[in-house]
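J.: Handing you this structure, nothing more for now.
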Amino acid sequence: MELDTRQTLIAAILVLYLGRFLNARLALLRNYNIPEPVTGGLLASIFFGLLYTFADIEVNFDMANRDMLLVVFFTTIGLSSRIDVLKAGGKSLGILLLLAAGYLLIQNLVGIGISAATGSVPVLGVLTGSVSLSGGHGTAIAWAPTFARDYGILYAMEIGLACATFGLIFGGIIGGPIARFLVWRHKLTPDATGDLTVGFRYKEHEIINVDSILQVLLVIAIAIGLGLHLNLLFGSWGVKLPDFVTCLFAGIILTNSLPRFLPKYQWPSGTRSLALVSDVSLGLFLAMSLMSLQLWALADLAGSMMLLLVAQVVLISLFSIFVVFRALGGDYDAAVICSGYSGLALGATPTAIANMTAVTKSLGPAPRAFIVVPLVGAFFIDLFNAVVINLLLAWFG
């Protein structure tokens, strides 16, 4: 069954409504800040998996709009990033970069150890480690042929994609509870004067009007245009970056320059209209991503690989709570960063943002977290990961 672009959008909106409906009525989901797209998307993917298993119907979606939504979302993050917050996040960014680089090595060594203990080839722990989890589906697709050709791992592509799917799901599940535990355990409170970076409290709908939305759309369109041209410029220098990274940078540049030259223009940074567009674009992106997961691929995982993945979930939970939180100062922003980083280390940057969005909607704003985690996840982590993967394959291959 093939769903076109319009039908895919309808399905994604219904998935978001389903997630919101369930989160509003199930205290467990609400109290542990499970993102609404994760709730609805996971149930939808289970439903489509049952269709495939029992009715032999495979539902495929047209994802033409998904990448565009990701670009819009990260552009809004850039437009929300004021220079004073960037300066405040500088130290945290450096610390998290070092921790993330070190964790890539730990993630793989644990996988290698369990693979060896269960009689599998050690490099399987790399494939099911940072290749599929910290790297996500894209890195798994890129590296799978190497594992199949050079290390004789049968079905390397299927294993990699299944592990990445597992990570995406559980990365979206554990982030909220980790932050909730840290906030409760250490009695943390947010800065009450700050603004939400993504999302808004639903009772404040009435302050959004047509002019504010048009203003936001205009600024987003200009920022995306600048970001795409920056990407072409970097490409001419031999530097390859995803579009959403340069659009994030473009948003940061604009929001910290134009308001100084146009002081009378009401720049949308920090407004609820901008937060609304961020919320909608992220929610639809995640809904499309999760509802299209082919969960039946996870059924092909053998017991040893399931053991690997469960160990990785426990490992990132402990690392976030006892290492990342303390290294970042042990405050409320650090707790929110932990919720995002746990999603990043298992899944992907949008999963991390969804975790932090769910937490901040419930407990309060954490602007530093929304600068630090996207920069680590959108650019630096892939560079470190490539180095670590090559080193470990040279040592254990």
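Chain lettering (A, B, ...) mirrors the order of the structure tokens, residue numbering begins at 1 for each chain separately, and ligand numbering begins at 1 in order of display.
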Per residue of stretch 254-343 of chain A within 12 Å of stretch 130-133 of chain A, record the nearest atom pair and its distance in Å to one decimal, counting only C-alpha atoms, with rows in chain order and ascending residue number, as CSV.
T.:
residue,atom,partner,partner_atom,distance
A:Leu308,CA,A:Leu133,CA,11.3
A:Leu309,CA,A:Leu133,CA,9.2
A:Gln312,CA,A:Leu133,CA,8.9
A:Val313,CA,A:Leu133,CA,10.1
A:Ile316,CA,A:Leu133,CA,10.9
A:Ser342,CA,A:Leu133,CA,10.6
A:Gly343,CA,A:Leu133,CA,9.6
J.: Would you write out those residues with N, CA and C atoms, as a CSV table (one decimal), in the first residue's frame?
T.:
chain,number,residue,atom,x,y,z
A,308,LEU,N,22.9,-7.2,23.6
A,308,LEU,CA,23.8,-6.0,23.3
A,308,LEU,C,23.0,-4.7,23.4
A,309,LEU,N,21.8,-4.7,22.8
A,309,LEU,CA,21.0,-3.5,22.8
A,309,LEU,C,20.4,-3.1,24.2
A,312,GLN,N,23.1,-1.5,26.0
A,312,GLN,CA,23.4,-0.2,25.6
A,312,GLN,C,22.4,0.8,26.2
A,313,VAL,N,21.2,0.4,26.4
A,313,VAL,CA,20.1,1.3,27.0
A,313,VAL,C,20.5,1.5,28.5
A,316,ILE,N,23.8,3.9,28.6
A,316,ILE,CA,23.6,5.3,28.4
A,316,ILE,C,22.8,6.0,29.5
A,342,SER,N,20.9,11.4,26.0
A,342,SER,CA,20.5,9.9,26.0
A,342,SER,C,19.8,9.6,24.7
A,343,GLY,N,18.9,10.5,24.2
A,343,GLY,CA,18.2,10.2,23.0
A,343,GLY,C,19.2,10.3,21.8
J.: Residues of stretch 72-191 of chain A that approach stretch 35-43 of chain A to 8 Å or less, counting only C-alpha atoms: could you list each one with the shortest pair of atoms and its distance in Å to one decimal, rows by chain and increasing residue number, as a tab-separated table?
T.:
residue	atom	partner	partner_atom	distance
A:Ile169	CA	A:Leu42	CA	7.3
A:Gly172	CA	A:Val38	CA	6.3
A:Ile173	CA	A:Val38	CA	7.5
A:Gly176	CA	A:Pro35	CA	7.8
J.: Can I get the selection written as a compact mmCIF listing (two decimals), in the first residue's frame, with C-alpha atoms?
T.:
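So again_14.txt came out as:
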# COMPACT_ATOMS: atom_id res chain seq x y z
CA ILE A 169 12.49 3.99 19.77
CA GLY A 172 12.69 8.59 22.68
CA ILE A 173 11.45 6.60 25.67
CA GLY A 176 12.03 11.98 29.76
J.: With only C-alpha atoms as the counted atoms, please give the residues lying no more than 10 Å from A:Leu99, apart from itself and same-chain residues fewer than 5 positions off, as a tab-separated table (two decimals) with N, CA and C atoms, in the first residue's frame.
T.:
chain	number	residue	atom	x	y	z
A	93	LEU	N	29.17	23.13	25.98
A	93	LEU	CA	29.38	22.51	24.67
A	93	LEU	C	30.71	21.76	24.64
A	94	GLY	N	31.77	22.40	25.14
A	94	GLY	CA	33.07	21.75	25.17
A	94	GLY	C	33.08	20.50	26.02
A	104	LEU	N	31.54	7.31	22.78
A	104	LEU	CA	31.58	6.50	21.56
A	104	LEU	C	32.50	5.31	21.74
A	319	PHE	N	25.36	6.45	32.31
A	319	PHE	CA	26.35	7.46	31.91
A	319	PHE	C	25.74	8.86	31.98
A	320	SER	N	24.50	9.00	31.55
A	320	SER	CA	23.85	10.31	31.58
A	320	SER	C	23.63	10.79	33.00
A	323	VAL	N	27.50	10.68	35.04
A	323	VAL	CA	28.67	11.34	34.46
A	323	VAL	C	28.28	12.67	33.82
A	324	VAL	N	27.38	12.63	32.83
A	324	VAL	CA	27.04	13.84	32.08
A	324	VAL	C	26.42	14.89	33.00
A	327	ALA	N	29.08	16.40	35.33
A	327	ALA	CA	30.10	17.16	34.60
A	327	ALA	C	29.58	18.50	34.11
J.: Could you pull the residues within 7 Å of stretch 254-267 of chain A, counting only C-alpha atoms, minus those fewer than 4 positions along the same chain, as a list in words?
T.: Leu79, Arg82, Ile83 and Ala250 of chain A
J.: Write down as a PyMOL selection string the residues of stretch 135-279 of chain A whose backbone DSSP state falls under helix (DSSP H, G or I).
T.: chain A and resi 136-151+156-186+202-207+210-236+243-255+258-261+272-279
J.: Can you tell me which residues surround A:Asn385 at a distance of at most 12 Å, considering only C-alpha atoms, apart from same-chain residues fewer than 3 positions away, and format the answer as a VMD selection string?
T.: chain A and resid 97 100 to 108 126 to 127 129 to 136 139 to 140 143 345 376 to 377 379 to 382 388 to 392
J.: Those selected residues, please, written with N, CA and C atoms and delivered as a short mmCIF file (atom, residue, chain, number, x, y, z; two decimals), in the first residue's frame.
T.:
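File written: result_19.cif
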data_model
loop_
_atom_site.label_atom_id
_atom_site.label_comp_id
_atom_site.auth_asym_id
_atom_site.auth_seq_id
_atom_site.Cartn_x
_atom_site.Cartn_y
_atom_site.Cartn_z
N LEU A 97 31.06 17.71 24.31
CA LEU A 97 31.83 17.17 23.18
C LEU A 97 32.83 16.13 23.65
N ALA A 100 30.92 13.05 24.88
CA ALA A 100 30.33 12.30 23.77
C ALA A 100 31.39 11.52 23.00
N ALA A 101 32.56 12.14 22.80
CA ALA A 101 33.64 11.44 22.11
C ALA A 101 34.10 10.24 22.92
N GLY A 102 34.25 10.42 24.22
CA GLY A 102 34.65 9.30 25.06
C GLY A 102 33.60 8.21 25.11
N TYR A 103 32.32 8.62 25.10
CA TYR A 103 31.26 7.61 25.19
C TYR A 103 31.19 6.74 23.93
N LEU A 104 31.54 7.31 22.78
CA LEU A 104 31.58 6.50 21.56
C LEU A 104 32.50 5.31 21.74
N LEU A 105 33.65 5.54 22.35
CA LEU A 105 34.59 4.46 22.60
C LEU A 105 34.01 3.46 23.60
N ILE A 106 33.42 3.97 24.68
CA ILE A 106 32.81 3.08 25.69
C ILE A 106 31.68 2.26 25.07
N GLN A 107 30.83 2.91 24.28
CA GLN A 107 29.70 2.24 23.65
C GLN A 107 30.16 1.06 22.81
N ASN A 108 31.22 1.26 22.06
CA ASN A 108 31.73 0.19 21.21
C ASN A 108 32.45 -0.89 21.99
N VAL A 126 30.71 -3.28 17.22
CA VAL A 126 30.84 -1.95 16.63
C VAL A 126 29.63 -1.64 15.76
N LEU A 127 29.21 -2.63 14.98
CA LEU A 127 28.04 -2.45 14.12
C LEU A 127 26.79 -2.15 14.94
N GLY A 129 26.88 -0.99 17.91
CA GLY A 129 27.22 0.08 18.84
C GLY A 129 27.08 1.44 18.20
N SER A 130 28.20 2.16 18.07
CA SER A 130 28.10 3.53 17.60
C SER A 130 27.74 3.65 16.13
N VAL A 131 27.97 2.59 15.34
CA VAL A 131 27.56 2.65 13.93
C VAL A 131 26.06 2.82 13.82
N SER A 132 25.31 1.98 14.53
CA SER A 132 23.85 1.99 14.40
C SER A 132 23.16 2.91 15.40
N LEU A 133 23.73 3.06 16.60
CA LEU A 133 23.06 3.82 17.64
C LEU A 133 23.42 5.29 17.58
N SER A 134 24.65 5.64 17.92
CA SER A 134 25.05 7.06 17.83
C SER A 134 25.01 7.54 16.39
N GLY A 135 25.29 6.65 15.44
CA GLY A 135 25.29 7.03 14.04
C GLY A 135 23.93 7.09 13.40
N GLY A 136 23.03 6.20 13.83
CA GLY A 136 21.68 6.19 13.26
C GLY A 136 21.60 5.45 11.94
N THR A 139 24.35 6.27 9.06
CA THR A 139 25.66 5.67 9.27
C THR A 139 25.60 4.16 9.11
N ALA A 140 24.52 3.53 9.58
CA ALA A 140 24.37 2.08 9.41
C ALA A 140 24.34 1.69 7.94
N TRP A 143 27.97 2.06 6.44
CA TRP A 143 29.00 1.13 6.90
C TRP A 143 28.65 -0.34 6.70
N ALA A 345 22.50 9.59 21.85
CA ALA A 345 23.43 8.46 21.86
C ALA A 345 22.79 7.16 21.43
N VAL A 376 26.24 19.41 19.10
CA VAL A 376 26.97 18.16 19.27
C VAL A 376 26.42 17.09 18.33
N GLY A 377 25.10 16.97 18.29
CA GLY A 377 24.49 15.89 17.51
C GLY A 377 24.48 16.13 16.02
N PHE A 379 26.59 17.82 14.06
CA PHE A 379 27.84 17.97 13.32
C PHE A 379 28.98 17.18 13.94
N PHE A 380 29.34 17.50 15.19
CA PHE A 380 30.57 16.99 15.77
C PHE A 380 30.55 15.48 15.99
N ILE A 381 29.41 14.94 16.40
CA ILE A 381 29.37 13.52 16.76
C ILE A 381 29.70 12.63 15.57
N ASP A 382 29.28 13.00 14.37
CA ASP A 382 29.58 12.19 13.20
C ASP A 382 31.07 12.17 12.88
N VAL A 388 36.48 6.95 15.56
CA VAL A 388 36.41 5.84 16.51
C VAL A 388 36.13 4.52 15.78
N ILE A 389 35.22 4.53 14.83
CA ILE A 389 34.89 3.30 14.10
C ILE A 389 36.12 2.76 13.38
N ASN A 390 36.83 3.62 12.69
CA ASN A 390 38.02 3.19 11.95
C ASN A 390 39.09 2.64 12.89
N LEU A 391 39.30 3.29 14.03
CA LEU A 391 40.29 2.82 14.98
C LEU A 391 39.95 1.44 15.51
N LEU A 392 38.69 1.24 15.89
CA LEU A 392 38.30 -0.03 16.49
C LEU A 392 38.31 -1.16 15.46
#
J.: As a list in words, please: the residues near A:Gly340 (cut-off 8 Å, only C-alpha atoms, same-chain neighbours under 3 positions excluded).
T.: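 The residues satisfying every condition are Gly175, Val336, Ile337, Gly343, Leu344, Thr351, Ala352, Ile353, Ala354, Asn355, Met356 and Val373 of chain A.
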J.: Export N, CA and C atoms of the chosen residues as a compact mmCIF listing (two decimals), in the first residue's frame?
T.:
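Saved result, out.txt, follows:
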# COMPACT_ATOMS: atom_id res chain seq x y z
N GLY A 175 14.61 9.28 27.65
CA GLY A 175 15.08 10.64 27.92
C GLY A 175 14.24 11.36 28.97
N VAL A 336 18.12 18.56 31.65
CA VAL A 336 17.48 18.57 30.34
C VAL A 336 18.45 18.11 29.26
N ILE A 337 19.71 18.53 29.36
CA ILE A 337 20.72 18.08 28.41
C ILE A 337 20.87 16.56 28.48
N GLY A 343 18.89 10.47 24.22
CA GLY A 343 18.22 10.22 22.95
C GLY A 343 19.17 10.29 21.78
N LEU A 344 20.16 11.18 21.88
CA LEU A 344 21.15 11.31 20.81
C LEU A 344 22.06 10.09 20.72
N THR A 351 15.32 13.11 17.88
CA THR A 351 14.84 12.40 19.07
C THR A 351 15.29 13.13 20.33
N ALA A 352 16.54 13.58 20.32
CA ALA A 352 17.06 14.33 21.46
C ALA A 352 16.26 15.60 21.70
N ILE A 353 15.96 16.32 20.62
CA ILE A 353 15.19 17.57 20.75
C ILE A 353 13.78 17.28 21.25
N ALA A 354 13.20 16.19 20.77
CA ALA A 354 11.84 15.83 21.22
C ALA A 354 11.83 15.55 22.71
N ASN A 355 12.85 14.83 23.19
CA ASN A 355 12.95 14.57 24.63
C ASN A 355 13.00 15.87 25.42
N MET A 356 13.87 16.78 25.00
CA MET A 356 14.04 18.05 25.73
C MET A 356 12.79 18.91 25.63
N VAL A 373 23.07 20.57 22.71
CA VAL A 373 22.78 19.24 22.17
C VAL A 373 22.68 19.22 20.64
